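Text of input-v9.csv (CSV, C-alpha atoms) as supplied:
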```csv
chain,number,residue,atom,x,y,z
A,118,MET,CA,25.0,-21.0,168.7
A,119,ASN,CA,26.5,-24.4,169.8
A,120,GLU,CA,28.6,-26.7,167.6
A,121,LEU,CA,25.6,-28.3,166.0
A,122,GLY,CA,24.3,-24.9,164.8
A,123,ARG,CA,21.0,-23.3,165.5
A,124,ILE,CA,18.5,-25.6,167.3
A,125,TRP,CA,14.8,-25.2,167.0
A,126,LYS,CA,12.8,-27.3,169.5
A,127,SER,CA,9.1,-28.0,169.4
A,128,ARG,CA,6.9,-26.0,171.7
A,129,VAL,CA,5.0,-27.9,174.4
A,130,ILE,CA,2.5,-29.6,172.0
A,131,ASP,CA,1.3,-33.1,171.8
A,132,SER,CA,1.4,-35.0,168.5
A,133,SER,CA,-1.1,-37.5,169.8
A,134,PRO,CA,-4.0,-38.8,167.7
A,135,ARG,CA,-6.4,-36.6,169.7
A,136,VAL,CA,-5.2,-33.5,167.8
A,137,ASN,CA,-8.2,-32.0,166.1
A,138,LEU,CA,-7.1,-32.0,162.4
A,139,ASN,CA,-10.0,-29.8,161.5
A,140,GLU,CA,-8.7,-27.1,163.8
A,141,LEU,CA,-5.4,-27.1,161.9
A,142,LYS,CA,-7.2,-25.3,159.1
A,143,GLU,CA,-7.1,-22.2,161.3
A,144,VAL,CA,-4.0,-20.1,160.9
A,145,GLU,CA,-3.4,-19.6,164.7
A,146,CYS,CA,-3.9,-23.3,165.4
A,147,PHE,CA,-1.5,-24.3,162.6
A,148,HIS,CA,1.0,-21.8,163.8
A,149,ARG,CA,1.4,-23.6,167.0
A,150,ARG,CA,2.8,-26.6,165.1
A,151,VAL,CA,5.4,-24.5,163.2
A,152,LEU,CA,8.9,-25.0,164.4
A,153,TYR,CA,10.6,-22.6,162.1
A,154,GLU,CA,9.8,-20.4,159.1
A,155,ASP,CA,11.5,-17.8,156.9
A,156,ASN,CA,11.4,-16.9,153.2
A,157,HIS,CA,12.9,-20.2,152.2
A,158,LEU,CA,11.7,-22.8,154.7
A,159,LEU,CA,8.6,-23.9,156.6
A,160,VAL,CA,9.3,-26.6,159.2
A,161,VAL,CA,6.3,-28.2,160.9
A,162,ASP,CA,5.7,-30.7,163.7
A,163,LYS,CA,3.3,-33.2,162.0
A,164,PRO,CA,0.6,-34.9,164.1
A,165,VAL,CA,-0.4,-38.5,163.4
A,166,GLY,CA,-3.5,-39.2,161.3
A,167,ILE,CA,-2.8,-36.8,158.4
A,168,ALA,CA,-0.9,-37.5,155.2
A,169,THR,CA,2.1,-35.3,154.4
A,170,GLN,CA,0.9,-35.1,150.8
A,171,GLY,CA,-1.3,-36.9,148.3
A,172,ALA,CA,-4.3,-37.5,150.4
A,173,GLN,CA,-7.5,-38.5,148.7
A,174,ARG,CA,-9.5,-35.9,146.8
A,175,GLY,CA,-11.3,-33.6,149.2
A,176,VAL,CA,-9.2,-34.7,152.2
A,177,GLU,CA,-6.7,-32.3,153.8
A,178,SER,CA,-3.0,-33.1,153.9
A,179,LEU,CA,-0.2,-31.4,155.8
A,180,PHE,CA,0.8,-29.9,152.5
A,181,THR,CA,-2.6,-28.3,151.8
A,182,LEU,CA,-2.9,-27.0,155.3
A,183,ALA,CA,0.6,-25.5,155.1
A,184,GLN,CA,-0.3,-23.9,151.7
A,185,ARG,CA,-3.3,-22.3,153.3
A,186,TYR,CA,-1.3,-21.1,156.3
A,187,VAL,CA,1.3,-19.3,154.1
A,188,LYS,CA,-1.4,-17.9,151.8
A,189,ILE,CA,-3.4,-16.4,154.6
A,190,LYS,CA,-0.6,-15.3,156.9
A,191,TYR,CA,1.4,-13.5,154.2
A,192,ASN,CA,-1.6,-12.5,152.0
A,193,LYS,CA,-0.2,-14.4,149.0
A,194,PRO,CA,-2.1,-14.0,145.7
A,195,GLY,CA,-2.7,-17.1,143.6
A,196,GLU,CA,-1.5,-20.6,144.4
A,197,VAL,CA,1.3,-20.8,147.1
A,198,TYR,CA,4.4,-22.7,146.1
A,199,LEU,CA,5.7,-25.3,148.6
A,200,GLY,CA,8.2,-28.1,147.9
A,201,VAL,CA,7.9,-31.3,149.9
A,202,VAL,CA,11.4,-32.0,151.2
A,203,SER,CA,10.6,-34.7,153.8
A,204,ARG,CA,7.6,-37.0,154.1
A,205,LEU,CA,6.2,-39.0,156.9
A,206,ASP,CA,3.6,-41.8,156.8
A,207,LEU,CA,0.1,-41.0,157.9
A,208,PRO,CA,0.4,-42.8,161.3
A,209,VAL,CA,3.9,-41.2,162.0
A,210,SER,CA,4.5,-37.9,163.8
A,211,GLY,CA,7.4,-35.4,163.9
A,212,VAL,CA,9.5,-32.9,161.9
A,213,VAL,CA,8.6,-32.2,158.3
A,214,VAL,CA,10.3,-29.7,156.1
A,215,PHE,CA,8.8,-27.7,153.2
A,216,ALA,CA,10.7,-25.4,150.8
A,217,ARG,CA,9.1,-22.1,150.1
A,218,THR,CA,10.9,-21.5,146.9
A,219,SER,CA,11.9,-23.8,144.0
A,220,LYS,CA,15.6,-22.8,144.5
A,221,ALA,CA,15.4,-23.9,148.1
A,222,ALA,CA,13.7,-27.1,147.1
A,223,GLU,CA,16.4,-27.9,144.6
A,224,ARG,CA,19.2,-27.2,147.0
A,225,LEU,CA,17.6,-29.3,149.8
A,226,ASN,CA,17.0,-32.2,147.3
A,227,GLN,CA,20.7,-32.0,146.4
A,228,GLN,CA,21.4,-32.5,150.1
A,229,ILE,CA,19.1,-35.5,150.1
A,230,ARG,CA,20.8,-37.1,147.1
A,231,ALA,CA,24.2,-36.4,148.7
A,232,ARG,CA,22.9,-37.9,152.0
A,233,THR,CA,24.1,-34.9,154.0
A,234,ILE,CA,20.7,-34.4,155.6
A,235,GLN,CA,20.6,-36.3,158.9
A,236,LYS,CA,17.3,-37.9,160.0
A,237,THR,CA,16.9,-39.3,163.5
A,238,TYR,CA,13.8,-41.0,164.7
A,239,ARG,CA,12.5,-42.2,168.1
A,240,ALA,CA,10.6,-45.6,168.1
A,241,LEU,CA,8.9,-47.5,170.8
A,242,LEU,CA,9.2,-51.2,170.0
A,243,GLU,CA,7.4,-54.3,171.2
A,244,GLY,CA,9.8,-56.6,173.1
A,245,ILE,CA,13.0,-56.2,175.2
A,246,GLY,CA,15.6,-58.5,173.7
A,247,LEU,CA,17.3,-56.1,171.3
A,248,PRO,CA,21.1,-55.6,171.5
A,249,GLU,CA,22.1,-52.2,173.0
A,250,CYS,CA,23.0,-50.9,169.5
A,251,ALA,CA,23.4,-52.2,166.0
A,252,GLU,CA,23.3,-51.5,162.3
A,253,PHE,CA,20.7,-53.1,160.1
A,254,THR,CA,21.4,-53.7,156.3
A,255,ASP,CA,18.7,-55.4,154.2
A,256,VAL,CA,17.5,-55.5,150.6
A,257,VAL,CA,13.9,-54.4,150.2
A,258,ALA,CA,11.6,-54.9,147.2
A,259,LYS,CA,8.1,-54.2,146.3
A,260,ASP,CA,5.7,-57.2,146.0
A,261,LEU,CA,4.0,-56.8,142.6
A,262,SER,CA,1.0,-58.8,143.7
A,263,THR,CA,0.2,-56.6,146.7
A,264,GLY,CA,2.2,-53.4,146.3
A,265,GLU,CA,3.7,-54.0,149.8
A,266,VAL,CA,7.4,-53.7,150.6
A,267,ARG,CA,9.2,-56.8,151.7
A,268,ILE,CA,12.7,-57.8,152.8
A,269,VAL,CA,14.3,-60.2,150.3
A,270,PRO,CA,17.6,-62.2,150.4
A,271,HIS,CA,20.8,-60.1,150.0
A,272,LYS,CA,21.8,-62.1,146.9
A,273,ALA,CA,18.6,-61.0,145.1
A,274,THR,CA,20.2,-58.0,143.4
A,275,SER,CA,17.9,-58.0,140.4
A,276,PRO,CA,14.1,-58.3,140.0
A,277,ILE,CA,13.0,-61.9,140.4
A,278,ALA,CA,9.7,-63.7,140.7
A,279,LYS,CA,7.0,-61.4,141.9
A,280,PHE,CA,9.3,-58.7,143.3
A,281,CYS,CA,10.8,-55.5,141.7
A,282,GLU,CA,12.7,-52.4,142.6
A,283,HIS,CA,15.4,-54.0,144.8
A,284,GLN,CA,17.0,-51.4,147.0
A,285,GLU,CA,19.4,-51.4,150.0
A,286,ALA,CA,17.9,-50.3,153.3
A,287,ARG,CA,20.4,-49.3,156.0
A,288,LEU,CA,19.9,-47.8,159.5
A,289,GLU,CA,21.6,-47.8,162.9
A,290,TYR,CA,20.0,-47.5,166.3
A,291,ARG,CA,20.9,-47.2,170.0
A,292,THR,CA,18.7,-48.1,173.0
A,293,LEU,CA,17.5,-45.2,175.1
A,294,GLU,CA,15.3,-47.0,177.7
A,295,ARG,CA,14.0,-50.6,178.4
A,296,TYR,CA,10.6,-51.1,179.9
A,297,GLU,CA,8.9,-54.2,181.1
A,298,HIS,CA,7.5,-55.2,177.7
A,299,SER,CA,8.9,-52.6,175.3
A,300,THR,CA,12.1,-50.8,174.2
A,301,LEU,CA,12.6,-47.1,173.3
A,302,VAL,CA,15.3,-46.7,170.6
A,303,GLU,CA,16.8,-43.8,168.7
A,304,VAL,CA,17.2,-44.6,165.0
A,305,ARG,CA,19.4,-42.9,162.4
A,306,LEU,CA,18.5,-43.5,158.8
A,307,HIS,CA,21.3,-44.0,156.2
A,308,THR,CA,18.8,-44.6,153.4
A,309,GLY,CA,15.2,-43.5,152.9
A,310,ARG,CA,13.1,-46.4,151.8
A,311,LYS,CA,9.3,-46.8,152.1
A,312,HIS,CA,8.3,-48.1,155.6
A,313,GLN,CA,12.0,-48.8,156.2
A,314,ILE,CA,12.1,-48.5,160.0
A,315,ARG,CA,8.8,-50.3,160.4
A,316,LEU,CA,9.9,-53.1,158.2
A,317,GLN,CA,13.5,-53.6,159.4
A,318,PHE,CA,12.5,-53.8,163.1
A,319,SER,CA,9.4,-56.0,162.5
A,320,SER,CA,11.4,-58.5,160.4
A,321,ARG,CA,13.6,-59.1,163.5
A,322,GLY,CA,10.7,-59.6,165.8
A,323,PHE,CA,10.4,-56.1,167.3
A,324,PRO,CA,7.6,-54.3,165.6
A,325,ILE,CA,6.8,-50.7,166.4
A,326,VAL,CA,4.1,-50.4,169.1
A,327,GLY,CA,0.7,-50.0,167.5
A,328,ASP,CA,1.9,-51.0,164.0
A,329,GLY,CA,-0.7,-53.7,163.1
A,330,LYS,CA,0.5,-53.6,159.5
A,331,TYR,CA,3.8,-55.1,160.5
A,332,GLY,CA,2.8,-57.5,163.2
A,333,ALA,CA,2.3,-55.4,166.4
A,334,ARG,CA,-0.9,-55.3,168.3
A,335,SER,CA,-3.0,-52.3,167.1
A,336,LEU,CA,-3.7,-49.5,169.5
A,337,ASP,CA,-7.2,-48.3,170.3
A,338,ARG,CA,-6.3,-45.1,168.5
A,339,GLN,CA,-4.7,-43.9,165.2
A,340,GLY,CA,-1.0,-43.7,165.0
A,341,ILE,CA,2.0,-45.8,165.7
A,342,CYS,CA,5.0,-45.1,168.1
A,343,LEU,CA,7.3,-43.8,165.4
A,344,HIS,CA,8.4,-40.2,165.5
A,345,SER,CA,10.7,-38.0,163.4
A,346,TYR,CA,12.7,-36.6,166.3
A,347,GLN,CA,15.5,-34.6,164.7
A,348,LEU,CA,16.3,-33.3,161.3
A,349,ILE,CA,19.6,-31.6,160.5
A,350,ILE,CA,20.0,-29.6,157.2
A,351,SER,CA,22.2,-26.9,155.8
A,352,HIS,CA,20.1,-23.8,155.2
A,353,PRO,CA,19.5,-23.5,151.4
A,354,THR,CA,20.8,-19.9,151.2
A,355,LEU,CA,22.5,-19.0,154.4
A,356,LYS,CA,24.4,-22.3,154.6
A,357,ASP,CA,24.0,-22.4,158.4
A,358,LEU,CA,23.6,-25.8,159.9
A,359,MET,CA,20.1,-26.1,161.3
A,360,VAL,CA,18.8,-28.6,163.8
A,361,PHE,CA,15.1,-29.1,164.2
A,362,VAL,CA,13.9,-31.2,167.2
A,363,SER,CA,10.4,-32.4,168.2
A,364,GLU,CA,9.8,-34.5,171.3
A,365,PRO,CA,7.7,-37.7,170.9
A,366,PRO,CA,4.0,-37.5,171.9
A,367,SER,CA,3.3,-37.7,175.6
A,368,TYR,CA,0.9,-40.6,175.3
A,369,TRP,CA,3.9,-42.9,174.6
A,370,ARG,CA,4.7,-42.8,178.3
A,371,ARG,CA,1.4,-44.3,179.2
A,372,LEU,CA,2.0,-47.2,176.9
A,373,THR,CA,5.2,-48.2,178.9
A,374,ARG,CA,3.4,-48.7,182.2
```

structure tokens encoding of this file:
Amino acid sequence: MNELGRIWKSRVIDSSPRVNLNELKEVECFHRRVLYEDNHLLVVDKPVGIATQGAQRGVESLFTLAQRYVKIKYNKPGEVYLGVVSRLDLPVSGVVVFARTSKAAERLNQQIRARTIQKTYRALLEGIGLPECAEFTDVVAKDLSTGEVRIVPHKATSPIAKFCEHQEARLEYRTLERYEHSTLVEVRLHTGRKHQIRLQFSSRGFPIVGDGKYGARSLDRQGICLHSYQLIISHPTLKDLMVFVSEPPSYWRRLTR
């Protein structure tokens, strides 16, 4: 075990939009996306095109698929408990953690509140003029007329006009590679706001590739080039430091040519 603790890396699987979500209903197919599991945790490599939780009635989510997987694999009677510890937007791929007991969920949520869980993302951005590394700090608020999240002036510390729920959004990034028309960055979140990475980069003129919602050219496929690359937690019972890693989808490379 190295200084970062135990590391679980994704198998050679592709989180591309061509993943057949219907096939994930099958235990063996879903198992190929499981990075780690024990009596307390279930860690999954989420493909794009599926909600983590809260999909429309009758539509599968990663949560409902994970419940079915645990129920069938372990022959669990009744409804299976799973606590959603980390969430990703529908067009985003990568590491997602579920708690298999309420105690594990409580302890992991304590880590989230204490900001001891470390989340690292990979993002492919439109444009090449970003500094090598930087920290972004903004105030974000929900637009009451549209429900969308916007960046507002820093001095706007209380709800004004049509905005509410003012919150600080903070991240840092470093550049990994520069291509002819795009830039690959690694992003570490210090806060966890809705659409934070997408919003903070697009507001500076560097939207995530494929993210038509925030100013990029849409791809001819589902998904955007944002991926939950690494998640570091303390195991809820063993207290071991655990590092879960999932490589970005292979199709990203084709978009840099």

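Each of A:Leu306, A:Ala333, A:Leu159, A:Leu152 was compared to Ala222 in chain A using all atoms listed in the file, and A:Leu159 turns out to be the nearest.
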
message: Give me the residues near Thr292 in chain A as a PyMOL selection string, where near means some atom within 10 Å (using only C-alpha atoms) and where sequence neighbours in that chain fewer than 4 positions away do not count.
response: chain A and resi 239-240+247-251+300-304

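Nearest residue to Val257 in chain A among A:Arg315, A:Arg232, A:His283, A:Arg371 is A:His283, counting all atoms listed in the file.
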
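Neighbours of Ser203 in chain A closer than or equal to 8 Å, with only C-alpha atoms counted and sequence neighbours fewer than 5 positions away skipped, come out as A:Val213, A:Val214, A:Phe215.
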
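The coordinates place CA of Tyr153 in chain A at 8.2 Å from CA of Phe361 in chain A.
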
- prompt: Can you list, as a list in words, every protein, DNA or RNA residue that comes within 9 Å of Arg334 in chain A when you count all atoms listed in the file, leaving out same-chain residues fewer than 6 positions away?
  reply: Glu243, Pro324, Val326, Gly327 and Asp328 of chain A

Can you write just those residues out, C-alpha atoms, as a PDB file, in the frame of the given file?
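Result went into selection_14.pdb, see below:
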```
ATOM      1  CA  GLU A 243       7.400 -54.300 171.200  1.00  0.00           C
ATOM      2  CA  PRO A 324       7.600 -54.300 165.600  1.00  0.00           C
ATOM      3  CA  VAL A 326       4.100 -50.400 169.100  1.00  0.00           C
ATOM      4  CA  GLY A 327       0.700 -50.000 167.500  1.00  0.00           C
ATOM      5  CA  ASP A 328       1.900 -51.000 164.000  1.00  0.00           C
TER       6      ASP A 328
END
```

- request: Give me the residues within 9 Å of Ala286 in chain A as a PyMOL selection string, counting all atoms listed in the file and dropping any in the same chain fewer than 6 places off.
  value: chain A and resi 253-257+306-310+313+317

message: Using Å and a single decimal, report how far CA of Lys330 in chain A sits from CA of Ala258 in chain A.
response: 16.6 Å

message: One number please: CA of Thr181 in chain A to CA of Ile234 in chain A, in Å, one decimal.
response: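 It comes out at 24.4 Å.
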
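Using all atoms listed in the file, the nearest neighbour of Tyr331 in chain A within the list A:Arg174, A:Arg370, A:His312, A:Arg185 is A:His312.
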
message: Ranking A:Pro270, A:Gly200, A:Leu241, A:His344 by minimum distance to Phe318 in chain A and counting all atoms listed in the file, which one comes first?
response: A:Leu241

Given all atoms listed in the file as the counted atoms, nearest of A:Val201, A:Leu179, A:Val187, A:Leu242 to His298 in chain A: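 The shortest atom-to-atom distance to His298 in chain A comes from A:Leu242.
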
message: Using all atoms listed in the file, can you tell me which of A:Pro194, A:Gly329, A:Gly244, A:Gly211 comes closest to Tyr296 in chain A?
response: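 Closest to Tyr296 in chain A, using all atoms listed in the file: A:Gly244.
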
message: If we count only C-alpha atoms and set the cut-off at 9 Å, which residues sit around Leu182 in chain A, ignoring sequence neighbours fewer than 5 positions away in its own chain? Please answer as a list in words.
response: Leu141, Lys142, Glu143, Val144, Phe147, Glu177 and Val187 of chain A
